[in-house]
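Asks: Hey, dropping target-v6.cif in here, mmCIF, C-alpha atoms:
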```
data_query
#
loop_
_atom_site.group_PDB
_atom_site.id
_atom_site.type_symbol
_atom_site.label_atom_id
_atom_site.label_comp_id
_atom_site.auth_asym_id
_atom_site.auth_seq_id
_atom_site.Cartn_x
_atom_site.Cartn_y
_atom_site.Cartn_z
ATOM 1 C CA MET A 627 24.755 -25.737 20.913
ATOM 2 C CA SER A 628 20.968 -26.109 21.174
ATOM 3 C CA ILE A 629 18.742 -25.400 18.189
ATOM 4 C CA ILE A 630 17.332 -22.346 19.973
ATOM 5 C CA ASP A 631 20.842 -20.987 20.445
ATOM 6 C CA ARG A 632 21.621 -21.633 16.775
ATOM 7 C CA ILE A 633 18.467 -19.828 15.642
ATOM 8 C CA ASP A 634 19.126 -16.886 17.900
ATOM 9 C CA THR A 635 22.737 -16.689 16.709
ATOM 10 C CA VAL A 636 21.663 -16.509 13.067
ATOM 11 C CA THR A 637 18.870 -13.996 13.691
ATOM 12 C CA ALA A 638 21.155 -11.674 15.663
ATOM 13 C CA ILE A 639 23.148 -9.638 13.142
ATOM 14 C CA PRO A 640 26.738 -9.388 14.417
ATOM 15 C CA GLY A 641 28.766 -6.265 13.803
ATOM 16 C CA SER A 642 30.852 -8.089 11.199
ATOM 17 C CA HIS A 643 27.722 -8.603 9.057
ATOM 18 C CA ARG A 644 25.949 -5.315 9.753
ATOM 19 C CA THR A 645 27.240 -3.832 6.515
ATOM 20 C CA HIS A 646 26.213 -3.682 2.874
ATOM 21 C CA LEU A 647 29.194 -5.935 2.047
ATOM 22 C CA PRO A 648 29.238 -8.719 4.681
ATOM 23 C CA PRO A 649 31.422 -11.833 4.694
ATOM 24 C CA ALA A 650 29.926 -15.236 3.927
ATOM 25 C CA PRO A 651 26.844 -16.085 5.999
ATOM 26 C CA ARG A 652 27.100 -18.587 8.813
ATOM 27 C CA SER A 653 24.105 -20.515 7.466
ATOM 28 C CA VAL A 654 22.590 -21.295 4.056
ATOM 29 C CA LYS A 655 19.378 -23.098 3.157
ATOM 30 C CA ILE A 656 19.437 -24.782 -0.242
ATOM 31 C CA GLU A 657 16.237 -25.919 -1.946
ATOM 32 C CA LEU A 658 16.738 -29.512 -3.046
ATOM 33 C CA THR A 659 13.105 -29.491 -4.125
ATOM 34 C CA ALA A 660 10.414 -26.836 -4.342
ATOM 35 C CA ARG A 661 7.699 -29.476 -4.306
ATOM 36 C CA CYS A 662 5.448 -30.029 -1.302
ATOM 37 C CA ASN A 663 2.595 -32.447 -0.657
ATOM 38 C CA LEU A 664 0.666 -29.890 1.431
ATOM 39 C CA ALA A 665 -1.001 -26.604 0.475
ATOM 40 C CA CYS A 666 -1.038 -24.766 3.799
ATOM 41 C CA SER A 667 -2.985 -21.526 3.840
ATOM 42 C CA PHE A 668 -0.263 -19.756 5.859
ATOM 43 C CA CYS A 669 2.380 -20.642 3.237
ATOM 44 C CA ALA A 670 2.454 -18.806 -0.092
ATOM 45 C CA ARG A 671 4.120 -21.776 -1.803
ATOM 46 C CA SER A 672 0.633 -23.152 -2.508
ATOM 47 C CA MET A 673 -0.077 -20.093 -4.672
ATOM 48 C CA MET A 674 2.279 -21.603 -7.294
ATOM 49 C CA LEU A 675 3.891 -18.269 -8.156
ATOM 50 C CA ARG A 676 6.961 -19.954 -9.638
ATOM 51 C CA ARG A 677 7.884 -23.302 -11.167
ATOM 52 C CA GLN A 678 8.352 -25.988 -8.529
ATOM 53 C CA THR A 679 10.603 -28.958 -9.183
ATOM 54 C CA ASP A 680 13.873 -30.545 -8.008
ATOM 55 C CA MET A 681 17.420 -29.197 -8.032
ATOM 56 C CA ASP A 682 19.947 -30.721 -10.394
ATOM 57 C CA ARG A 683 22.189 -32.969 -8.347
ATOM 58 C CA GLY A 684 25.372 -31.717 -9.999
ATOM 59 C CA LEU A 685 24.392 -28.125 -9.227
ATOM 60 C CA PHE A 686 23.806 -29.012 -5.577
ATOM 61 C CA GLU A 687 27.177 -30.702 -5.220
ATOM 62 C CA ARG A 688 29.046 -27.838 -6.863
ATOM 63 C CA LEU A 689 27.326 -25.218 -4.722
ATOM 64 C CA ALA A 690 27.721 -27.226 -1.514
ATOM 65 C CA VAL A 691 31.494 -27.367 -1.961
ATOM 66 C CA GLU A 692 31.746 -23.735 -3.105
ATOM 67 C CA MET A 693 29.740 -22.375 -0.174
ATOM 68 C CA ARG A 694 31.715 -24.384 2.365
ATOM 69 C CA GLU A 695 34.985 -23.098 0.882
ATOM 70 C CA ALA A 696 33.572 -19.564 1.194
ATOM 71 C CA GLY A 697 33.094 -20.080 4.938
ATOM 72 C CA VAL A 698 29.484 -21.285 5.350
ATOM 73 C CA GLU A 699 29.277 -23.487 8.465
ATOM 74 C CA GLU A 700 25.665 -24.678 8.557
ATOM 75 C CA LEU A 701 23.779 -26.123 5.577
ATOM 76 C CA GLY A 702 20.019 -26.581 5.610
ATOM 77 C CA LEU A 703 18.889 -29.029 2.920
ATOM 78 C CA PHE A 704 15.496 -27.382 2.481
ATOM 79 C CA TYR A 705 14.009 -24.003 1.735
ATOM 80 C CA LEU A 706 10.382 -23.706 0.609
ATOM 81 C CA GLY A 707 9.678 -27.332 -0.358
ATOM 82 C CA GLU A 708 9.436 -30.681 1.445
ATOM 83 C CA SER A 709 12.818 -32.375 1.080
ATOM 84 C CA PHE A 710 11.615 -35.862 2.036
ATOM 85 C CA LEU A 711 9.983 -35.969 -1.413
ATOM 86 C CA LEU A 712 13.489 -36.115 -2.919
ATOM 87 C CA PRO A 713 14.782 -39.666 -3.576
ATOM 88 C CA TRP A 714 18.455 -38.739 -3.121
ATOM 89 C CA LEU A 715 18.111 -36.799 0.138
ATOM 90 C CA PRO A 716 20.311 -39.217 2.169
ATOM 91 C CA GLU A 717 22.994 -38.989 -0.511
ATOM 92 C CA ALA A 718 22.832 -35.184 -0.368
ATOM 93 C CA ILE A 719 23.353 -35.310 3.409
ATOM 94 C CA ALA A 720 26.314 -37.672 3.062
ATOM 95 C CA PHE A 721 27.862 -35.422 0.404
ATOM 96 C CA ALA A 722 27.435 -32.316 2.536
ATOM 97 C CA LYS A 723 29.023 -34.010 5.563
ATOM 98 C CA ASN A 724 31.720 -36.211 4.048
ATOM 99 C CA VAL A 725 32.744 -34.417 0.845
ATOM 100 C CA ALA A 726 31.915 -30.743 1.395
ATOM 101 C CA GLY A 727 32.776 -30.988 5.086
ATOM 102 C CA TYR A 728 29.966 -29.064 6.796
ATOM 103 C CA PRO A 729 30.106 -29.242 10.597
ATOM 104 C CA TYR A 730 26.315 -28.976 10.821
ATOM 105 C CA VAL A 731 23.674 -30.175 8.338
ATOM 106 C CA PHE A 732 20.037 -29.603 9.254
ATOM 107 C CA LEU A 733 16.588 -30.310 7.891
ATOM 108 C CA THR A 734 13.012 -29.168 8.501
ATOM 109 C CA THR A 735 10.017 -31.273 7.478
ATOM 110 C CA ASN A 736 6.235 -31.065 7.627
ATOM 111 C CA GLY A 737 6.402 -34.609 8.983
ATOM 112 C CA THR A 738 3.984 -36.390 6.671
ATOM 113 C CA MET A 739 6.719 -37.831 4.444
ATOM 114 C CA ALA A 740 9.318 -38.381 7.181
ATOM 115 C CA THR A 741 8.726 -42.134 7.340
ATOM 116 C CA PRO A 742 10.961 -44.315 9.514
ATOM 117 C CA PRO A 743 13.038 -45.763 6.619
ATOM 118 C CA LYS A 744 13.695 -42.294 5.186
ATOM 119 C CA VAL A 745 14.554 -40.800 8.567
ATOM 120 C CA GLU A 746 16.905 -43.640 9.425
ATOM 121 C CA ALA A 747 18.714 -43.300 6.090
ATOM 122 C CA CYS A 748 19.189 -39.563 6.686
ATOM 123 C CA MET A 749 20.430 -39.989 10.230
ATOM 124 C CA ARG A 750 22.875 -42.711 9.231
ATOM 125 C CA ALA A 751 24.109 -40.409 6.457
ATOM 126 C CA GLY A 752 25.158 -37.904 9.119
ATOM 127 C CA LEU A 753 22.205 -35.532 9.571
ATOM 128 C CA ASP A 754 22.839 -33.318 12.607
ATOM 129 C CA SER A 755 19.360 -31.882 13.158
ATOM 130 C CA LEU A 756 15.820 -32.854 12.160
ATOM 131 C CA LYS A 757 12.969 -30.489 12.988
ATOM 132 C CA PHE A 758 9.277 -31.213 12.553
ATOM 133 C CA SER A 759 7.048 -28.230 11.775
ATOM 134 C CA PHE A 760 4.146 -29.214 14.028
ATOM 135 C CA ASN A 761 1.686 -26.498 13.036
ATOM 136 C CA TYR A 762 -1.666 -28.233 13.489
ATOM 137 C CA ALA A 763 -3.588 -29.057 16.642
ATOM 138 C CA ASP A 764 -5.718 -31.896 15.294
ATOM 139 C CA ALA A 765 -6.886 -33.632 12.114
ATOM 140 C CA GLU A 766 -9.794 -31.250 11.586
ATOM 141 C CA GLN A 767 -7.599 -28.188 11.728
ATOM 142 C CA PHE A 768 -4.902 -29.895 9.650
ATOM 143 C CA GLU A 769 -7.382 -30.592 6.857
ATOM 144 C CA ALA A 770 -8.691 -27.023 6.936
ATOM 145 C CA ILE A 771 -5.243 -25.390 6.793
ATOM 146 C CA ALA A 772 -3.052 -27.906 4.948
ATOM 147 C CA GLN A 773 -5.913 -28.510 2.483
ATOM 148 C CA VAL A 774 -5.306 -32.259 2.249
ATOM 149 C CA LYS A 775 -6.975 -35.276 3.809
ATOM 150 C CA GLY A 776 -7.069 -35.062 7.582
ATOM 151 C CA LYS A 777 -5.903 -38.672 7.972
ATOM 152 C CA LEU A 778 -2.366 -37.507 7.169
ATOM 153 C CA PHE A 779 -2.293 -35.635 10.469
ATOM 154 C CA ALA A 780 -1.828 -38.864 12.423
ATOM 155 C CA ASP A 781 1.209 -39.668 10.283
ATOM 156 C CA ILE A 782 3.029 -36.565 11.536
ATOM 157 C CA GLU A 783 2.967 -37.597 15.175
ATOM 158 C CA THR A 784 3.572 -41.263 14.320
ATOM 159 C CA ASN A 785 6.627 -40.326 12.289
ATOM 160 C CA LEU A 786 7.878 -37.966 14.995
ATOM 161 C CA ARG A 787 7.688 -40.647 17.664
ATOM 162 C CA ALA A 788 9.367 -43.153 15.354
ATOM 163 C CA ALA A 789 12.114 -40.629 14.623
ATOM 164 C CA ARG A 790 12.945 -40.486 18.347
ATOM 165 C CA THR A 791 13.279 -44.281 18.492
ATOM 166 C CA ILE A 792 15.434 -44.288 15.368
ATOM 167 C CA ARG A 793 17.597 -41.425 16.625
ATOM 168 C CA ASP A 794 18.353 -43.251 19.849
ATOM 169 C CA LEU A 795 19.106 -46.493 17.968
ATOM 170 C CA VAL A 796 21.502 -44.828 15.538
ATOM 171 C CA TYR A 797 23.245 -43.083 18.420
ATOM 172 C CA ARG A 798 23.768 -46.350 20.275
ATOM 173 C CA GLU A 799 25.090 -48.075 17.173
ATOM 174 C CA THR A 800 27.253 -45.320 15.659
ATOM 175 C CA GLY A 801 27.819 -42.650 18.295
ATOM 176 C CA HIS A 802 26.299 -40.034 15.975
ATOM 177 C CA ARG A 803 23.438 -38.169 17.610
ATOM 178 C CA CYS A 804 20.988 -36.241 15.455
ATOM 179 C CA GLY A 805 19.079 -33.547 17.329
ATOM 180 C CA LEU A 806 15.304 -33.952 17.152
ATOM 181 C CA TYR A 807 13.159 -30.846 17.451
ATOM 182 C CA ALA A 808 9.703 -29.417 16.839
ATOM 183 C CA SER A 809 8.422 -25.919 16.161
ATOM 184 C CA TYR A 810 4.893 -24.606 16.032
ATOM 185 C CA ILE A 811 3.080 -21.464 14.994
ATOM 186 C CA GLU A 812 1.962 -19.285 17.886
ATOM 187 C CA TYR A 813 -1.636 -18.770 16.778
ATOM 188 C CA ASP A 814 -4.129 -16.390 18.360
ATOM 189 C CA GLY A 815 -7.161 -17.147 20.515
ATOM 190 C CA GLU A 816 -8.728 -20.593 20.685
ATOM 191 C CA GLN A 817 -6.398 -21.945 18.014
ATOM 192 C CA GLY A 818 -3.507 -20.988 20.266
ATOM 193 C CA ASN A 819 -5.071 -22.916 23.137
ATOM 194 C CA ARG A 820 -5.578 -25.979 20.937
ATOM 195 C CA MET A 821 -1.962 -25.835 19.787
ATOM 196 C CA ALA A 822 -0.724 -25.586 23.369
ATOM 197 C CA ARG A 823 -2.479 -28.844 24.237
ATOM 198 C CA ALA A 824 -1.016 -30.556 21.159
ATOM 199 C CA ILE A 825 2.504 -29.370 21.972
ATOM 200 C CA GLU A 826 2.218 -30.739 25.522
ATOM 201 C CA ARG A 827 1.633 -34.135 23.943
ATOM 202 C CA ILE A 828 4.746 -34.177 21.767
ATOM 203 C CA ALA A 829 7.167 -32.179 23.916
ATOM 204 C CA PRO A 830 8.534 -35.249 25.778
ATOM 205 C CA VAL A 831 9.502 -36.857 22.451
ATOM 206 C CA VAL A 832 11.832 -34.099 21.202
ATOM 207 C CA ASP A 833 14.966 -32.451 22.539
ATOM 208 C CA GLU A 834 13.510 -28.949 22.235
ATOM 209 C CA VAL A 835 10.281 -27.342 21.070
ATOM 210 C CA TYR A 836 9.810 -23.665 20.308
ATOM 211 C CA ALA A 837 7.233 -21.273 18.910
ATOM 212 C CA LEU A 838 7.382 -19.159 15.778
ATOM 213 C CA PRO A 839 5.190 -16.156 15.058
ATOM 214 C CA LEU A 840 2.673 -16.294 12.234
ATOM 215 C CA TYR A 841 4.607 -14.733 9.360
ATOM 216 C CA ASN A 842 3.011 -12.685 6.611
ATOM 217 C CA GLN A 843 5.158 -14.496 4.013
ATOM 218 C CA ALA A 844 6.378 -11.280 2.343
ATOM 219 C CA ASN A 845 2.756 -10.083 2.531
ATOM 220 C CA LEU A 846 1.597 -12.843 0.185
ATOM 221 C CA ALA A 847 -0.385 -14.881 2.726
ATOM 222 C CA THR A 848 -1.631 -12.020 4.910
ATOM 223 C CA GLY A 849 -5.136 -11.810 3.465
ATOM 224 C CA ASP A 850 -5.973 -15.439 4.080
ATOM 225 C CA GLU A 851 -4.524 -15.336 7.582
ATOM 226 C CA MET A 852 -6.539 -12.277 8.557
ATOM 227 C CA GLU A 853 -9.728 -13.792 7.149
ATOM 228 C CA ARG A 854 -9.218 -16.623 9.628
ATOM 229 C CA GLY A 855 -8.958 -14.089 12.441
ATOM 230 C CA TRP A 856 -5.201 -14.453 12.924
ATOM 231 C CA LYS A 857 -2.709 -11.608 13.289
ATOM 232 C CA PRO A 858 0.461 -12.156 11.212
ATOM 233 C CA THR A 859 3.659 -10.391 12.187
ATOM 234 C CA ALA A 860 5.447 -8.016 9.829
ATOM 235 C CA GLY A 861 8.758 -9.145 8.403
ATOM 236 C CA ASN A 862 10.715 -12.177 9.587
ATOM 237 C CA ARG A 863 11.374 -11.594 13.260
ATOM 238 C CA GLY A 864 12.775 -14.992 14.176
ATOM 239 C CA ARG A 865 11.687 -17.065 17.153
ATOM 240 C CA ALA A 866 8.577 -15.990 19.073
ATOM 241 C CA ALA A 867 10.398 -15.817 22.404
ATOM 242 C CA ALA A 868 13.281 -13.781 20.959
ATOM 243 C CA LEU A 869 11.716 -11.505 18.360
ATOM 244 C CA ARG A 870 14.038 -9.270 16.362
ATOM 245 C CA GLU A 871 13.174 -5.871 14.950
ATOM 246 C CA PRO A 872 11.722 -6.055 11.418
ATOM 247 C CA LEU A 873 14.453 -3.706 10.176
ATOM 248 C CA PRO A 874 17.181 -4.432 9.476
ATOM 249 C CA CYS A 875 16.038 -7.965 8.654
ATOM 250 C CA TRP A 876 18.550 -10.621 9.701
ATOM 251 C CA SER A 877 17.747 -12.736 6.639
ATOM 252 C CA VAL A 878 19.413 -10.186 4.365
ATOM 253 C CA PHE A 879 22.685 -10.302 6.333
ATOM 254 C CA THR A 880 23.258 -13.646 8.041
ATOM 255 C CA GLU A 881 21.633 -16.467 6.065
ATOM 256 C CA GLY A 882 21.730 -17.393 2.389
ATOM 257 C CA HIS A 883 18.793 -18.934 0.532
ATOM 258 C CA VAL A 884 19.288 -20.851 -2.703
ATOM 259 C CA THR A 885 16.342 -21.842 -4.898
ATOM 260 C CA TRP A 886 16.118 -25.162 -6.743
ATOM 261 C CA ASP A 887 17.133 -23.470 -10.009
ATOM 262 C CA GLY A 888 20.240 -21.861 -8.550
ATOM 263 C CA ARG A 889 19.121 -18.339 -7.644
ATOM 264 C CA LEU A 890 20.440 -16.689 -4.508
ATOM 265 C CA SER A 891 17.553 -15.060 -2.666
ATOM 266 C CA ALA A 892 17.503 -12.406 0.029
ATOM 267 C CA CYS A 893 14.399 -13.767 1.733
ATOM 268 C CA CYS A 894 13.070 -16.822 3.562
ATOM 269 C CA PHE A 895 9.757 -16.291 1.765
ATOM 270 C CA ASP A 896 10.793 -15.768 -1.868
ATOM 271 C CA HIS A 897 7.795 -17.439 -3.470
ATOM 272 C CA ASP A 898 7.698 -15.275 -6.584
ATOM 273 C CA GLY A 899 11.341 -14.479 -7.421
ATOM 274 C CA ARG A 900 11.291 -10.802 -6.500
ATOM 275 C CA PHE A 901 14.116 -11.288 -3.984
ATOM 276 C CA HIS A 902 16.619 -12.891 -6.367
ATOM 277 C CA MET A 903 20.036 -11.299 -5.881
ATOM 278 C CA GLY A 904 22.191 -13.413 -8.191
ATOM 279 C CA ASP A 905 22.264 -16.399 -10.549
ATOM 280 C CA LEU A 906 24.545 -19.109 -9.185
ATOM 281 C CA ASN A 907 24.491 -20.881 -12.540
ATOM 282 C CA THR A 908 26.654 -18.121 -13.961
ATOM 283 C CA ALA A 909 28.177 -16.356 -10.922
ATOM 284 C CA SER A 910 29.942 -17.567 -7.799
ATOM 285 C CA PHE A 911 28.191 -17.686 -4.445
ATOM 286 C CA MET A 912 30.268 -14.853 -2.978
ATOM 287 C CA ASP A 913 29.893 -12.679 -6.079
ATOM 288 C CA SER A 914 26.127 -13.081 -5.748
ATOM 289 C CA TRP A 915 26.172 -12.629 -1.962
ATOM 290 C CA GLN A 916 27.993 -9.348 -2.474
ATOM 291 C CA SER A 917 26.272 -8.310 -5.724
ATOM 292 C CA GLU A 918 25.369 -4.680 -6.325
ATOM 293 C CA ARG A 919 21.681 -5.525 -6.044
ATOM 294 C CA PHE A 920 22.228 -7.193 -2.676
ATOM 295 C CA GLN A 921 24.422 -4.342 -1.459
ATOM 296 C CA ALA A 922 21.718 -1.804 -2.318
ATOM 297 C CA LEU A 923 19.064 -3.820 -0.471
ATOM 298 C CA ARG A 924 21.240 -4.134 2.625
ATOM 299 C CA ALA A 925 21.968 -0.413 2.577
ATOM 300 C CA ALA A 926 18.219 0.254 2.613
ATOM 301 C CA HIS A 927 17.800 -2.086 5.590
ATOM 302 C CA LEU A 928 20.598 -0.374 7.477
ATOM 303 C CA ARG A 929 18.813 2.952 6.869
ATOM 304 C CA ARG A 930 15.625 1.269 8.140
ATOM 305 C CA ASP A 931 13.789 2.468 5.057
ATOM 306 C CA VAL A 932 13.039 -0.220 2.481
ATOM 307 C CA ARG A 933 10.459 1.712 0.514
ATOM 308 C CA GLY A 934 10.912 1.035 -3.178
ATOM 309 C CA THR A 935 12.671 -2.301 -2.534
ATOM 310 C CA PRO A 936 11.292 -5.857 -2.754
ATOM 311 C CA CYS A 937 11.007 -5.827 1.070
ATOM 312 C CA GLU A 938 8.551 -2.918 1.213
ATOM 313 C CA THR A 939 5.307 -4.889 1.407
ATOM 314 C CA CYS A 940 6.697 -7.344 3.973
ATOM 315 C CA VAL A 941 7.395 -4.751 6.659
ATOM 316 C CA ALA A 942 4.717 -2.677 8.382
ATOM 317 C CA PHE A 943 5.492 1.042 8.401
ATOM 318 C CA ALA A 944 4.157 3.368 11.047
#
```
In structure tokens, write the structure found in this file.
Replies:
Amino acid sequence: MSIIDRIDTVTAIPGSHRTHLPPAPRSVKIELTARCNLACSFCARSMMLRRQTDMDRGLFERLAVEMREAGVEELGLFYLGESFLLPWLPEAIAFAKNVAGYPYVFLTTNGTMATPPKVEACMRAGLDSLKFSFNYADAEQFEAIAQVKGKLFADIETNLRAARTIRDLVYRETGHRCGLYASYIEYDGEQGNRMARAIERIAPVVDEVYALPLYNQANLATGDEMERGWKPTAGNRGRAAALREPLPCWSVFTEGHVTWDGRLSACCFDHDGRFHMGDLNTASFMDSWQSERFQALRAAHLRRDVRGTPCETCVAFA
């Protein structure tokens, strides 16, 4: 299955999950670290609205096994941070594949820390999918948006090209083939034109490349985006070429999100804790996935009226 098909499968809410009390999600993203070396203006993580550090390794291993036993099939070893900052990332991949038994383990990176030795270690550990978030057209724009030195921009493309060489080498030697992908933000106007030219340059290196809309990050990053002349989309509508309706939001029904400190969140953009639905330090994954708080939020989504819920400011109402 291609990465586009996987994304579209997760963002389409099947009838079995279109209920306030759904079975285990197909996919879960778990935050091995909340740290990131960038401070992108379109990402509310840089606002530092919650503590940002690494997950306890014992907690990760316990949750990985528990979620797989509950029926989770795909495990993303990232959430809001940059996982290549974590020293034991290859070991986490190996645990997820060989001990917990996940059929599909995936990872998204900003690319700056995805150096060849780190990428090779992850691929040899059994990583099934590595996606680069290629959201900048050039060094000047990278420095303006990521708010770090522009020289890091060259590292992203260098690391991406090296990852392709490493992927092919590991496949020849082991028979394990890690998918290599890239996504980019579909900006407006001239920035969109600049991004299109950049994507043409890297497209031959990856297996697939796809666009994402500019999200409003639960309405936390909207002001900065609009000041730059961009038009963020309401809610989390999935892939740009297959946009879903803002309500009901797929994220509440088909994908779990676990923070570094063991909270189960209802949202891809839970930068301030308002979407926490359960504490996995004291409750099981399924008890939290089907908690009363989560059930009430899903019921509001099914009614297509989330006023008075944590989702209210994320979705644009007519």
Asks: Determine the residue membership of the PyMOL selection byres ((chain A and resi 632-638) around 8) for the file above and supply it as JSON, numbers by chain.
Replies: {"A": [627, 628, 629, 630, 631, 639, 640, 652, 653, 863, 864, 865, 868, 870, 876, 877, 880, 881]}
Asks: Can you tell me, as AutoDock Vina command-line options, the centre and edge lengths (Å, one decimal) of the axis-aligned box enclosing all of region 888-906 of chain A's listed atoms after padding each side by 5 Å?
Replies:
```
--center_x 16.1 --center_y -16.3 --center_z -3.5 --size_x 26.8 --size_y 21.1 --size_z 24.1
```
Asks: Do you know which residues the PyMOL selection byres ((chain A and resi 659) around 8) returns on this file, as a list in words?
Replies: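 Selection result, ordered by chain and number: Glu657, Leu658, Ala660, Arg661, Gln678, Thr679, Asp680, Met681, Phe704, Leu706, Gly707, Glu708, Ser709, Leu711, Leu712 and Trp886 of chain A.
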Asks: Could you work out how far CA of Arg790 (chain A) lies from CA of Ala765 (chain A), giving the answer in Å with one decimal?
Replies: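 For CA of Ala765 (chain A) relative to CA of Arg790 (chain A), the distance reads 21.9 Å.
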Asks: Separation of CA of Ala722 (chain A) and CA of Val884 (chain A), in Å?
Replies: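 The value is 15.0 Å.
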Asks: Expanded to explicit residues, what is the PyMOL selection byres ((chain A and resi 703) around 9) for this file, as a list in words?
Replies: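 After applying the PyMOL selection byres ((chain A and resi 703) around 9), what remains is Val654, Lys655, Ile656, Glu657, Leu658, Leu701, Gly702, Phe704, Tyr705, Ser709, Leu715, Ala718, Ile719, Val731, Phe732, Leu733 and Thr734 of chain A.
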Asks: What is the CA of Thr735 (chain A) to CA of Cys937 (chain A) distance in Å?
Replies: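 Computing it gives 26.3 Å between the two atoms.
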Asks: Can you tell me, as a PyMOL selection string, what residues are no more than 12 Å from Val725 (chain A) when counting all atoms listed in the file, ignoring any on the same chain fewer than 6 positions away?
Replies: chain A and resi 687-688+690-692+694-695+717-719+751-752
Asks: Nearest residue to Gly805 (chain A) out of A:Phe901, A:Ser755, A:Gln916, A:Tyr762, using all atoms listed in the file?
Replies: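 The answer is A:Ser755, which sits nearest to Gly805 (chain A).
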Asks: Have a look at A:Ala837, A:Cys662, A:Met903, A:Val932 and name the one nearest to Pro874 (chain A); count all atoms listed in the file.
Replies: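 Under the stated criterion, the closest residue is A:Val932.
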Asks: Around (2.3, -29.2, 22.9), as given in the file, which residues come within 12 Å? Count all atoms listed in the file and list them as a compact mmCIF listing (two decimals) with C-alpha atoms, in the frame of the given file.
Replies:
```txt
# COMPACT_ATOMS: atom_id res chain seq x y z
CA PHE A 760 4.15 -29.21 14.03
CA ASN A 761 1.69 -26.50 13.04
CA TYR A 762 -1.67 -28.23 13.49
CA ALA A 763 -3.59 -29.06 16.64
CA ASP A 764 -5.72 -31.90 15.29
CA GLU A 783 2.97 -37.60 15.18
CA ALA A 808 9.70 -29.42 16.84
CA SER A 809 8.42 -25.92 16.16
CA TYR A 810 4.89 -24.61 16.03
CA ILE A 811 3.08 -21.46 14.99
CA GLU A 812 1.96 -19.28 17.89
CA GLY A 818 -3.51 -20.99 20.27
CA ASN A 819 -5.07 -22.92 23.14
CA ARG A 820 -5.58 -25.98 20.94
CA MET A 821 -1.96 -25.84 19.79
CA ALA A 822 -0.72 -25.59 23.37
CA ARG A 823 -2.48 -28.84 24.24
CA ALA A 824 -1.02 -30.56 21.16
CA ILE A 825 2.50 -29.37 21.97
CA GLU A 826 2.22 -30.74 25.52
CA ARG A 827 1.63 -34.14 23.94
CA ILE A 828 4.75 -34.18 21.77
CA ALA A 829 7.17 -32.18 23.92
CA PRO A 830 8.53 -35.25 25.78
CA VAL A 831 9.50 -36.86 22.45
CA VAL A 832 11.83 -34.10 21.20
CA GLU A 834 13.51 -28.95 22.24
CA VAL A 835 10.28 -27.34 21.07
CA TYR A 836 9.81 -23.66 20.31
CA ALA A 837 7.23 -21.27 18.91
```
Asks: In terms of the shortest atom-to-atom distance over all atoms listed in the file, which of A:Ala772, A:Gln767, A:Pro713, A:His902 is closest to Lys744 (chain A)?
Replies: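 Going through A:Ala772, A:Gln767, A:Pro713, A:His902 one by one, the smallest distance to Lys744 (chain A) is for A:Pro713.
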